[in-house]
Every structure is written in structure tokens, then in C-alpha cells.
$ cat model_0.txt   # compact mmCIF, C-alpha atoms and all ligand atoms
# COMPACT_ATOMS: atom_id res chain seq x y z
CA MET A 349 48.80 29.45 8.17
CA GLY A 350 49.96 32.56 6.39
CA PHE A 351 49.46 36.05 7.62
CA ALA A 352 46.07 36.21 5.93
CA ALA A 353 44.60 34.34 8.87
CA GLY A 354 46.36 36.27 11.61
CA PRO A 355 45.77 39.73 12.94
CA ILE A 356 49.33 40.79 12.20
CA GLY A 357 50.06 42.72 9.05
CA GLY A 358 47.15 45.04 9.53
CA PHE A 359 45.50 43.88 6.36
CA PRO A 360 42.63 41.83 7.79
CA VAL A 361 41.80 44.51 10.34
CA PHE A 362 41.64 47.05 7.58
CA THR A 363 39.37 44.94 5.38
CA SER A 364 37.00 44.13 8.18
CA GLU A 365 36.52 47.82 8.80
CA VAL A 366 35.94 48.61 5.18
CA PHE A 367 33.39 45.85 4.84
CA MET A 368 31.69 46.44 8.16
CA SER A 369 28.35 45.77 6.65
CA ARG A 370 29.34 42.68 4.71
CA GLN A 371 26.91 39.84 5.00
CA ARG A 372 27.69 37.66 7.96
CA LYS A 373 27.88 33.91 7.54
CA ALA A 374 26.89 31.20 9.95
CA VAL A 375 27.56 27.49 9.80
CA ALA A 376 24.69 25.46 11.29
CA LEU A 377 25.07 21.98 12.76
CA ILE A 378 22.34 20.06 10.98
CA SER A 379 21.38 16.72 12.47
CA GLY A 380 18.27 16.13 10.42
CA GLY A 381 15.96 16.75 13.35
CA LEU A 382 13.60 19.64 13.93
CA ASP A 383 15.56 21.69 16.45
CA SER A 384 18.62 22.32 14.34
CA MET A 385 16.34 23.05 11.41
CA LEU A 386 14.48 25.72 13.38
CA ALA A 387 17.69 27.22 14.69
CA ALA A 388 19.03 27.62 11.17
CA ARG A 389 15.73 29.03 9.98
CA LEU A 390 15.65 31.67 12.74
CA ILE A 391 19.09 32.90 11.76
CA GLN A 392 18.25 32.92 8.05
CA GLU A 393 15.31 35.16 8.95
CA GLN A 394 17.81 37.67 10.24
CA GLY A 395 19.51 37.99 6.88
CA ILE A 396 22.50 35.84 7.72
CA HIS A 397 23.96 33.55 5.06
CA VAL A 398 23.64 30.04 6.50
CA GLU A 399 25.24 26.80 5.36
CA GLY A 400 24.83 23.45 7.06
CA ILE A 401 27.38 20.97 8.31
CA ASN A 402 26.59 17.39 9.20
CA PHE A 403 28.92 14.84 10.76
CA PHE A 404 28.92 11.17 9.95
CA THR A 405 30.26 9.26 12.94
CA GLY A 406 29.15 5.81 11.78
CA PHE A 407 26.55 5.68 14.53
CA CYS A 408 24.08 8.08 12.98
CA VAL A 409 20.53 6.86 12.69
CA GLU A 410 20.39 8.39 9.23
CA GLY A 411 20.48 6.60 5.96
CA HIS A 412 21.74 3.08 5.62
CA THR A 413 19.60 1.20 8.11
CA HIS A 414 16.52 2.15 6.18
CA ALA A 415 18.07 0.71 3.09
CA ILE A 416 19.00 -2.56 4.71
CA ARG A 417 15.68 -4.04 5.70
CA LYS A 418 13.57 -5.11 2.82
CA LYS A 419 10.27 -4.31 4.42
CA ASP A 420 11.29 -0.67 4.51
CA GLN A 421 12.13 -0.52 0.87
CA SER A 422 8.67 0.52 -0.22
CA ARG A 423 8.82 3.62 1.95
CA PRO A 424 10.56 6.61 0.46
CA LYS A 425 14.07 6.78 1.79
CA ARG A 426 15.66 10.05 2.53
CA ASN A 427 18.60 11.41 4.41
CA ASN A 428 17.01 13.83 6.83
CA ALA A 429 19.97 16.19 6.99
CA LEU A 430 19.82 16.59 3.20
CA TRP A 431 16.08 16.98 3.38
CA VAL A 432 16.38 19.74 5.98
CA ALA A 433 18.99 21.56 3.93
CA GLU A 434 16.80 21.41 0.88
CA GLN A 435 13.78 22.72 2.78
CA LEU A 436 15.86 25.61 4.10
CA GLY A 437 17.52 26.24 0.76
CA ILE A 438 21.01 25.98 2.20
CA LYS A 439 24.11 24.07 1.20
CA LEU A 440 25.03 21.06 3.27
CA HIS A 441 28.53 19.77 3.89
CA ILE A 442 28.66 16.21 5.15
CA ILE A 443 31.89 15.38 6.91
CA ASP A 444 33.22 11.88 7.45
CA VAL A 445 34.53 11.80 11.03
CA VAL A 446 34.45 8.02 11.52
CA GLU A 447 38.15 7.73 12.41
CA GLU A 448 38.39 10.81 14.59
CA TYR A 449 35.21 9.92 16.41
CA LYS A 450 36.79 6.78 17.86
CA ASP A 451 38.68 8.79 20.43
CA VAL A 452 35.47 10.59 21.42
CA LEU A 453 33.62 7.34 21.98
CA LEU A 454 36.48 5.33 23.50
CA ASN A 455 37.88 7.99 25.83
CA PRO A 456 35.16 10.46 26.72
CA LYS A 457 36.45 12.93 29.29
CA HIS A 458 32.95 13.48 30.60
CA GLY A 459 31.83 9.88 30.49
CA TYR A 460 28.73 8.31 29.06
CA GLY A 461 25.01 9.00 29.30
CA ALA A 462 22.40 6.34 30.02
CA ASN A 463 23.92 4.04 27.39
CA MET A 464 27.19 4.27 25.44
CA ASN A 465 26.45 7.83 24.33
CA PRO A 466 29.28 10.25 25.14
CA CYS A 467 27.00 13.21 24.42
CA LEU A 468 28.95 15.98 26.09
CA ASP A 469 32.26 15.06 24.49
CA CYS A 470 30.44 14.40 21.23
CA LYS A 471 28.88 17.86 21.15
CA GLY A 472 32.22 19.45 22.03
CA PHE A 473 33.87 17.49 19.23
CA MET A 474 31.28 18.44 16.63
CA VAL A 475 31.33 22.11 17.54
CA ARG A 476 35.12 22.04 17.43
CA LYS A 477 35.01 20.55 13.93
CA ALA A 478 32.44 23.14 12.91
CA HIS A 479 34.66 25.85 14.34
CA GLU A 480 37.61 24.63 12.29
CA TRP A 481 35.39 24.59 9.21
CA MET A 482 34.18 28.09 10.04
CA GLN A 483 37.75 29.39 10.15
CA GLU A 484 38.82 27.62 6.98
CA ASN A 485 35.82 28.90 5.06
CA ASP A 486 35.78 32.40 6.45
CA PHE A 487 32.45 32.13 8.23
CA ASP A 488 31.63 34.21 11.30
CA PHE A 489 29.83 32.02 13.78
CA ILE A 490 28.29 28.63 14.55
CA ILE A 491 24.70 27.78 15.39
CA THR A 492 23.21 24.66 16.92
CA GLY A 493 19.68 23.57 17.76
CA GLU A 494 20.51 22.97 21.40
CA VAL A 495 17.89 23.77 24.02
CA VAL A 496 18.66 24.27 27.70
CA GLY A 497 17.55 21.32 29.77
CA GLN A 498 16.47 19.21 26.85
CA ARG A 499 18.97 16.42 27.13
CA PRO A 500 20.23 15.17 30.46
CA MET A 501 23.90 15.33 29.65
CA SER A 502 24.95 17.76 26.96
CA GLN A 503 22.18 20.31 27.14
CA ARG A 504 22.13 21.38 30.74
CA LYS A 505 22.65 24.98 31.67
CA ASP A 506 25.92 24.15 33.37
CA THR A 507 27.26 21.99 30.55
CA MET A 508 26.49 24.33 27.69
CA PRO A 509 29.46 26.59 28.50
CA VAL A 510 31.62 23.45 28.58
CA VAL A 511 30.84 22.79 24.92
CA ALA A 512 31.56 26.41 23.98
CA ARG A 513 34.85 26.37 25.86
CA GLU A 514 36.21 22.94 25.01
CA SER A 515 35.35 23.26 21.33
CA GLY A 516 37.32 26.49 21.10
CA ALA A 517 34.27 28.20 19.60
CA GLU A 518 33.75 30.25 22.78
CA ASP A 519 31.32 33.08 22.12
CA ARG A 520 31.07 32.40 18.43
CA LEU A 521 28.70 29.59 19.32
CA LEU A 522 25.09 30.73 19.24
CA ARG A 523 22.07 28.64 20.22
CA PRO A 524 19.15 30.55 18.71
CA LEU A 525 16.44 28.44 20.39
CA CYS A 526 17.58 29.28 23.91
CA ALA A 527 19.94 32.24 23.42
CA LYS A 528 17.93 34.49 25.68
CA LEU A 529 18.59 32.21 28.61
CA LEU A 530 22.33 32.36 28.04
CA PRO A 531 24.85 35.22 28.13
CA PRO A 532 25.00 37.25 24.90
CA THR A 533 27.42 35.82 22.35
CA LEU A 534 29.62 37.69 19.90
CA PRO A 535 27.06 37.74 17.05
CA GLU A 536 24.54 39.28 19.44
CA ARG A 537 26.94 41.80 20.93
CA GLU A 538 28.17 42.87 17.52
CA GLY A 539 24.62 43.29 16.31
CA TRP A 540 24.98 40.71 13.53
CA VAL A 541 21.84 39.14 14.94
CA ASP A 542 19.12 40.75 16.99
CA ARG A 543 19.03 39.05 20.39
CA GLU A 544 15.45 40.15 20.85
CA LYS A 545 14.36 37.91 18.00
CA LEU A 546 16.06 34.86 19.46
CA LEU A 547 14.20 32.46 21.74
CA ASP A 548 14.14 31.26 25.33
CA ILE A 549 13.05 27.65 24.96
CA SER A 550 13.99 25.28 27.76
CA GLY A 551 13.07 21.83 28.96
CA ARG A 552 12.06 18.60 27.40
CA SER A 553 8.69 19.64 26.04
CA ARG A 554 8.54 19.82 22.27
CA LYS A 555 5.53 22.11 22.23
CA ARG A 556 7.17 25.38 21.30
CA GLN A 557 9.31 23.78 18.62
CA MET A 558 6.22 22.22 17.08
CA GLU A 559 4.42 25.54 17.23
CA LEU A 560 7.35 27.24 15.58
CA ALA A 561 7.43 24.57 12.88
CA ARG A 562 3.79 25.30 12.17
CA GLN A 563 4.51 29.02 11.91
CA PHE A 564 7.30 28.40 9.44
CA GLY A 565 5.11 25.97 7.51
CA ILE A 566 7.50 23.09 8.13
CA GLN A 567 5.80 19.73 7.82
CA ASP A 568 6.84 16.14 7.69
CA TYR A 569 9.98 16.61 9.77
CA ALA A 570 11.81 13.70 11.34
CA GLN A 571 11.19 13.00 14.99
CA PRO A 572 13.85 10.63 16.19
CA ALA A 573 13.08 9.08 19.55
CA GLY A 574 15.87 9.38 22.07
CA GLY A 575 18.92 10.81 20.41
CA CYS A 576 20.53 11.48 17.11
CA CYS A 577 22.54 8.28 17.12
CA PHE A 578 22.54 4.56 17.88
CA LEU A 579 24.69 5.06 20.95
CA THR A 580 21.61 6.11 22.91
CA ASP A 581 20.00 2.78 22.03
CA GLU A 582 20.19 0.15 24.74
CA THR A 583 20.43 -2.92 22.52
CA TYR A 584 22.99 -1.28 20.31
CA SER A 585 25.12 -0.25 23.27
CA ARG A 586 24.97 -3.75 24.71
CA ARG A 587 26.19 -5.19 21.42
CA LEU A 588 29.04 -2.72 21.31
CA VAL A 589 30.19 -3.59 24.83
CA ASP A 590 29.87 -7.29 24.03
CA LEU A 591 32.11 -6.77 21.00
CA TRP A 592 34.78 -5.10 23.09
CA GLN A 593 34.62 -7.77 25.76
CA ALA A 594 34.86 -10.59 23.27
CA ARG A 595 37.82 -9.06 21.48
CA ASN A 596 39.46 -7.96 24.68
CA GLU A 597 40.02 -4.59 23.13
CA ARG A 598 38.04 -1.38 23.01
CA ASP A 599 38.24 -0.61 19.34
CA TYR A 600 36.08 -0.88 16.26
CA GLN A 601 35.98 -0.48 12.50
CA LEU A 602 33.19 1.07 10.48
CA ASP A 603 32.16 -2.44 9.39
CA ASP A 604 31.70 -3.51 13.02
CA VAL A 605 29.56 -0.49 13.70
CA MET A 606 27.37 -1.25 10.69
CA LEU A 607 27.00 -4.92 11.51
CA LEU A 608 25.82 -4.16 15.04
CA LYS A 609 22.74 -2.56 13.50
CA VAL A 610 21.75 -5.60 11.51
CA GLY A 611 20.25 -9.01 12.23
CA ARG A 612 20.02 -11.15 15.33
CA HIS A 613 23.22 -11.32 17.33
CA ILE A 614 23.69 -14.59 19.18
CA ARG A 615 26.68 -15.33 21.39
CA PRO A 616 26.74 -18.89 22.75
CA ASN A 617 30.20 -18.44 24.33
CA PRO A 618 33.09 -15.96 24.44
CA ARG A 619 34.76 -17.60 21.43
CA PHE A 620 32.19 -16.64 18.84
CA LYS A 621 29.09 -14.73 17.93
CA LEU A 622 26.63 -15.28 15.09
CA ILE A 623 24.93 -12.58 13.07
CA VAL A 624 21.76 -14.02 11.58
CA GLY A 625 19.97 -12.18 8.78
CA ARG A 626 16.28 -11.72 9.52
CA GLU A 627 15.05 -11.30 5.99
CA GLU A 628 16.15 -10.88 2.41
CA GLY A 629 17.33 -7.29 2.71
CA GLU A 630 19.54 -8.12 5.67
CA ASN A 631 20.82 -11.30 4.02
CA ARG A 632 21.85 -9.30 1.01
CA PHE A 633 23.55 -6.77 3.25
CA LEU A 634 25.41 -9.51 5.13
CA GLU A 635 26.50 -11.08 1.85
CA GLY A 636 28.70 -8.06 1.31
CA TYR A 637 30.75 -9.19 4.34
CA ARG A 638 31.12 -12.86 3.39
CA LYS A 639 34.80 -12.61 2.57
CA GLN A 640 35.68 -11.18 5.96
CA PHE A 641 33.93 -13.81 8.06
CA ILE A 642 33.35 -17.51 8.34
CA HIS A 643 29.80 -17.81 7.10
CA LEU A 644 27.06 -20.39 7.16
CA HIS A 645 24.12 -21.01 4.94
CA PRO A 646 21.57 -23.85 4.90
CA GLU A 647 21.58 -25.77 1.62
CA SER A 648 18.88 -28.39 1.98
CA HIS A 649 16.33 -25.76 2.99
CA THR A 650 15.89 -22.03 2.49
CA GLY A 651 17.36 -19.99 5.28
CA PRO A 652 19.41 -17.05 6.34
CA LEU A 653 22.98 -16.11 5.73
CA VAL A 654 24.86 -16.27 9.02
CA LEU A 655 28.18 -14.58 9.71
CA LEU A 656 30.42 -15.97 12.42
CA ASP A 657 32.62 -13.50 14.25
CA GLY A 658 35.34 -15.01 16.42
CA GLN A 659 37.66 -18.03 16.75
CA PRO A 660 35.44 -21.11 16.96
CA ASP A 661 36.63 -24.63 17.66
CA GLU A 662 35.17 -27.75 16.01
CA GLU A 663 32.29 -28.04 18.47
CA ASP A 664 31.48 -24.37 18.11
CA LEU A 665 31.18 -24.80 14.36
CA GLU A 666 28.74 -27.64 14.82
CA LEU A 667 26.67 -25.54 17.23
CA ALA A 668 26.77 -22.64 14.78
CA ALA A 669 25.47 -24.94 12.05
CA ARG A 670 22.66 -26.17 14.32
CA ILE A 671 21.65 -22.59 15.12
CA THR A 672 21.74 -21.72 11.42
CA ALA A 673 19.47 -24.72 10.77
CA ARG A 674 17.14 -23.55 13.51
CA PHE A 675 16.50 -20.30 11.59
CA SER A 676 15.92 -22.10 8.29
CA LYS A 677 12.73 -23.48 6.80
CA GLY A 678 13.99 -26.88 7.93
CA ARG A 679 13.75 -26.07 11.62
CA ASN A 680 11.41 -29.04 12.16
CA ALA A 681 13.26 -31.39 9.83
CA PRO A 682 15.40 -34.11 11.40
CA ARG A 683 18.53 -32.89 9.64
CA VAL A 684 19.57 -29.85 7.66
CA THR A 685 22.63 -29.52 5.45
CA VAL A 686 24.56 -26.38 6.27
CA ALA A 687 27.43 -25.08 4.17
CA VAL A 688 30.25 -23.62 6.24
CA THR A 689 32.72 -21.46 4.36
CA ASP A 690 35.91 -20.19 5.93
CA ARG A 691 37.68 -16.96 5.16
CA ASP A 692 39.74 -18.58 2.42
CA GLY A 693 36.55 -19.50 0.59
CA GLU A 694 36.78 -23.19 1.40
CA THR A 695 33.38 -24.76 1.95
CA ARG A 696 32.44 -27.92 3.75
CA ARG A 697 29.00 -29.31 4.52
CA LEU A 698 27.67 -30.31 7.89
CA GLU A 699 24.52 -32.34 8.29
CA VAL A 700 23.02 -31.34 11.61
CA PRO A 701 19.80 -31.56 13.59
CA PRO A 702 18.39 -28.05 14.04
CA LEU A 703 18.84 -26.72 17.56
CA PRO A 704 15.51 -26.95 19.40
CA ALA A 705 14.09 -23.71 20.74
CA HIS A 706 14.63 -24.62 24.40
CA GLU A 707 18.34 -25.10 23.81
CA LEU A 708 18.71 -21.56 22.56
CA PRO A 709 18.46 -19.51 25.75
CA GLU A 710 17.37 -15.88 25.76
CA SER A 711 20.68 -14.97 27.37
CA TRP A 712 22.59 -15.81 24.19
CA TYR A 713 20.97 -12.89 22.43
CA VAL A 714 23.04 -9.73 22.54
CA MET B 621 34.69 18.40 -20.56
CA THR B 622 36.09 15.39 -18.77
CA THR B 623 34.14 12.49 -17.41
CA HIS B 624 35.47 11.16 -14.14
CA ARG B 625 34.46 8.00 -12.38
CA LEU B 626 33.85 7.16 -8.76
CA ASP B 627 33.41 3.66 -7.43
CA ALA B 628 31.16 3.83 -4.38
CA ARG B 629 29.96 0.25 -4.54
CA ARG B 630 29.22 -1.52 -1.25
CA LEU B 631 29.38 1.76 0.62
CA LEU B 632 26.30 2.61 2.63
CA CYS B 633 24.64 5.97 2.79
CA PRO B 634 25.75 8.56 3.52
CA MET B 635 29.23 7.40 2.43
CA PRO B 636 28.44 7.49 -1.31
CA VAL B 637 27.22 11.07 -0.87
CA ILE B 638 30.34 12.05 1.07
CA ARG B 639 32.61 10.47 -1.56
CA THR B 640 30.67 12.23 -4.32
CA GLN B 641 30.92 15.54 -2.49
CA ASN B 642 34.67 15.19 -1.97
CA LYS B 643 35.25 14.15 -5.58
CA VAL B 644 33.13 16.97 -6.98
CA ALA B 645 35.17 19.43 -4.91
CA GLU B 646 38.21 18.50 -7.04
CA LEU B 647 36.42 18.98 -10.35
CA ALA B 648 35.73 22.01 -12.52
CA PRO B 649 32.30 23.33 -13.50
CA GLY B 650 31.05 21.46 -16.54
CA ASP B 651 33.00 18.29 -15.69
CA ARG B 652 31.03 15.11 -15.45
CA LEU B 653 31.22 12.49 -12.78
CA GLU B 654 29.90 8.98 -13.07
CA VAL B 655 29.16 7.48 -9.66
CA LEU B 656 28.77 3.75 -9.36
CA CYS B 657 27.01 2.53 -6.23
CA THR B 658 24.96 -0.29 -4.76
CA ASP B 659 23.07 1.29 -1.85
CA PRO B 660 19.57 2.12 -3.14
CA GLY B 661 19.53 5.07 -0.72
CA ALA B 662 22.00 6.80 -3.03
CA LYS B 663 19.29 7.13 -5.68
CA ALA B 664 17.56 9.68 -3.46
CA ASP B 665 20.49 11.10 -1.52
CA ILE B 666 22.92 11.94 -4.32
CA PRO B 667 20.32 13.83 -6.38
CA ALA B 668 19.21 15.68 -3.22
CA TRP B 669 22.80 16.63 -2.51
CA CYS B 670 23.21 17.80 -6.11
CA ARG B 671 20.08 19.96 -6.01
CA ILE B 672 21.21 21.62 -2.79
CA ASN B 673 24.69 22.32 -4.00
CA GLY B 674 23.90 23.39 -7.54
CA HIS B 675 24.95 20.34 -9.55
CA ARG B 676 22.90 18.48 -12.10
CA VAL B 677 22.04 14.79 -12.27
CA ILE B 678 21.91 13.97 -15.95
CA GLU B 679 21.00 10.34 -15.73
CA ILE B 680 20.33 7.51 -13.31
CA ARG B 681 20.74 4.01 -14.69
CA GLU B 682 20.28 0.71 -12.93
CA ARG B 683 21.77 -2.58 -13.94
CA GLY B 684 21.10 -5.43 -11.57
CA ASN B 685 22.12 -4.33 -8.12
CA GLU B 686 24.25 -1.50 -9.41
CA ILE B 687 23.20 2.08 -9.83
CA VAL B 688 25.04 4.55 -12.05
CA LEU B 689 24.48 8.27 -11.57
CA LEU B 690 25.85 10.73 -14.09
CA ILE B 691 26.43 14.18 -12.62
CA GLU B 692 27.39 17.46 -14.22
CA VAL B 693 29.33 19.73 -11.91
CA GLY B 694 27.78 23.17 -11.46
CA ASP B 695 29.55 26.44 -10.76
CA GLY B 696 29.10 26.15 -7.01
CA ALA B 697 26.44 28.85 -6.76
S1 LIG C 801 23.05 11.19 20.76
FE1 LIG C 801 24.90 10.47 19.74
S2 LIG C 801 25.30 11.99 18.11
FE2 LIG C 801 23.86 12.91 19.57
S3 LIG C 801 25.17 14.06 21.01
FE3 LIG C 801 24.79 12.04 21.90
S4 LIG C 801 26.53 10.80 21.24
FE4 LIG C 801 26.49 12.60 19.92
$ encode --input "model_0.txt" --output "C-alpha cells"
Amino acid sequence: MGFAAGPIGGFPVFTSEVFMSRQRKAVALISGGLDSMLAARLIQEQGIHVEGINFFTGFCVEGHTHAIRKKDQSRPKRNNALWVAEQLGIKLHIIDVVEEYKDVLLNPKHGYGANMNPCLDCKGFMVRKAHEWMQENDFDFIITGEVVGQRPMSQRKDTMPVVARESGAEDRLLRPLCAKLLPPTLPEREGWVDREKLLDISGRSRKRQMELARQFGIQDYAQPAGGCCFLTDETYSRRLVDLWQARNERDYQLDDVMLLKVGRHIRPNPRFKLIVGREEGENRFLEGYRKQFIHLHPESHTGPLVLLDGQPDEEDLELAARITARFSKGRNAPRVTVAVTDRDGETRRLEVPPLPAHELPESWYV
Amino acid sequence: MTTHRLDARRLLCPMPVIRTQNKVAELAPGDRLEVLCTDPGAKADIPAWCRINGHRVIEIRERGNEIVLLIEVGDGA
């Protein structure tokens, strides 16, 4: 960094005095949910220039999953973070943090929540990224929609200072929805924002947020159950852990993360797992991954596309074909022809009896 | 005026939006960017992103599973 960023040289000090009354700028963490939307709105009300920042970890509930399943295709699809930004009339910067997020998820200093959600580390990470962005873009402070006591891990009164400290944002991190319950931050002390107009919301109740939404005339906002990402989802977390166990390695690629959201996942043994498309939209989605996996598809009857993840032996392949047949229209036929294509694109055909329901135990489902 | 191209096929939202955003950041006002994608979500998300950030979607075409969005870069206001 040159001297423009540092206090030495006198120049920045001088300019900040000359432009004492320049408009202050805040970067708001926008998740797509109501709380961060309200937080941004409150600060806009105070004449601050606000822009939004949104992080794509790969696990976000936003976007893609809606596009995958065909039955959802009639519903209007929208990315809620973009929708929020448009409602507020602010710019939104979406940042791809897929690679960097791995370390947050794989080695969380503060551990996990109820499922594989490393919320406290995650919040610290996102605020740190926002802080970096703030410095690069010459903004003054950061706002989030956090509420004291709302979430068991990251939003407790004793953990909120942890986020401020570990992110490096310190007292440039303002939580407008509960600021009055916390010590005054720099923007409040400097008079950039009026602390009196900030709020003192705490707890899990959504009542005051909903009331505030009504006052601001905000309708039709997203209300995600649980958390902002798939890592708070029990099934999803189980699939992730299963993936790590099977591969004997705690790592993942974006493709893995996407595939865990789609289809039925069936693991008959540690050597392999099947991903079975549940309908046309999912089948089409899985088709995009055909080249990376051994895949199966019934030929004598209509049926799903099935991806096989792992190192199967001959018997495993036969079982995989029988399971594929089980999910085809030929499930009651004596035999179904299943095409099995390996990663090199070589296809052979197996004629198999579909696996009867009672031979497909519940415990195989991950 | 230069027309640039971006291949965002097989990427799922919000990746096409992120790629579009990062590409637009390198371009000058008035430049055009043709984004090729396959996720139907992009039909809503990329125009929304453009409206928010002051760029213009000139045209959305669909051919088979592919969607082509033509964008004109705004002045960043
Ligand atoms: S729910 Fe997911 S995105 Fe939200 S703080 Fe927790 S880990 Fe991070």
C-alpha cells in the first residue's frame, strides 16, 4: 500500500479535516433476509450512503436450488440479495468466496453449531472480508443485521465482540438493530449516525422486525427458516460428513457442494454412493456432471439419471444398476436394461431385476 | 464500442451474476457484453443486477437450453 492509505505524510489527515462533513459511506452485509435489509434501511434513513455486499460460499440457500427442480420453475425465481438491494435502491457487490470459505468450514476455531454450521467463524470471516472491501473502497463503516440473542452461536451478547475483534473491524462494525444494547461504536461516537435512532432489538422473536417492515412498507420479503445457508440443514450436514468419511479426507469442491443439494443420495457401502435424480429438472442438472462420474440410466424403461460417486467393484455396479432400475418405470418388470457409462464414455448394458423395496433399507439413504 | 463475450454456461446462480459483475468491472461505459448461460435463474438475476448497478440489458435471447443476454455497460452511477 502506498502512503495514501497510511496516516503518515499528513495528507490524509489534512483532507479528512477539510471534508469533515463529507457524506459517510457504509457497506452493509446483505444476506437476502429481512434483518440485514432493515439494518441497511435504518442507516440510509440517517443520510449515509449505503452499498451492499453479499458473499457466495457455495452453501447459500439463494439461487440455484430453485432453478434445479422442475416443479419450482413456474414460480418466479429471484435472488433475494439482489431483490433486497433493488428495494433499497443500493448497489450490491456479490463476492465469490468459495475457495477461501473452505478453511472457515473445515477448521472453525469456535466449532460448529447444531449441524455443520460454523456460524461464529463464518460471521467473523464475512465481516473481515467486508472490512477489507471497506478499506479498498474508501468506505467508513460496516453494518450487519445481527440481533443480540437471535442465533444461539454467533449472535449472543458475549460472542458479538468476538466477531468485531477477530474480523479486524473493531468499532467500525455497527449493528443498527441492536446497537443500543451494545457499547457505542465509532460511527455513533463521531456523530455520523445518531445512536438515539438506532434500535434495541433482542431475542428470537421476529415481531419488532415485522413491525418495522410494515412501517417501511416492505412486503414480500424472504423468510428463510433456520439459517442463511445449507450448513444449518440436518440432511445436508449429514451428506457432507458422509462425503468426508467416504473419501477419507475433509475437503470439497464447489461441484460436491452443489450435488449434495440435489436428488436422493443412497450409499449401500463405503465404496460408492448413488445420486438419483427425482424428476426432470434434477436429471437435467445431473446430466451436466455426466463426464465426471460413472453414470447409469435405464434404457428399456423411462427412469432417472444416476451418478455414481466412488470406486465400485463388479458387484457394486450390478447393485447400482438394480437400484437404478428400482427408480425407473420398470420397477415391477422382471428385468430392466440399464446403461452404465464410465468416465471415459464407454457404455455397457446390464440386464438386471429391479431391487425390491425391502432390499433397499432406510439406512442407505444419506 | 466493443462487444465482449462471457461464457457462463453450466454455472449456477449466482455464479453467472458474479462473473458478469467481474467482467463488467474491466469494461468501459458504452461497451457491450454478451453473456452466454444455461441457468434459467440468470434471466432474472442478471437484469436485476444490471438495474441496481446502472447497466442496461439490451436483449435476452433463448436458443434451446442456452440464454444470451446482451448488456450495455453504464457509467457506474
Ligand atoms: S447460517 Fe451459514 S452463512 Fe449463516 S452464519 Fe451460519 S454458517 Fe454462516
$ closest_residue --input "model_0.txt" --among "B:Thr640, B:Leu647, B:Arg683, B:Gly674" --to "B:Pro660" --atoms "all atoms listed in the file"
B:Arg683
$ atom_distance --input "model_0.txt" --atom1 "atom CA of A:Cys526" --atom2 "atom CA of A:Glu494"
7.4 Å
$ residues_around --input "model_0.txt" --residues "B:Met621" --least-positions-apart "6" --cutoff "12 Å" --atoms "all atoms listed in the file" --output "PyMOL selection string"
chain B and resi 647-653+692-693
$ axis_aligned_box --input "model_0.txt" --around "ligand LIG 801 (chain C)" --padding-each-side "4 Å" --output "lines of an AutoDock Vina configuration file"
center_x = 24.8
center_y = 12.3
center_z = 20.0
size_x = 11.5
size_y = 11.6
size_z = 11.8
$ residues_near_ligand --input "model_0.txt" --ligand "ligand LIG 801 (chain C)" --cutoff "9 Å" --atoms "only C-alpha atoms and all ligand atoms" --output "PyMOL selection string"
chain A and resi 379+403-405+407-409+452-453+460-461+464-474+499+501-502+574-580
$ closest_residue --input "model_0.txt" --among "B:Val677, B:Arg639, B:Thr658, B:Ile672" --to "chain A" --atoms "all atoms listed in the file"
B:Ile672
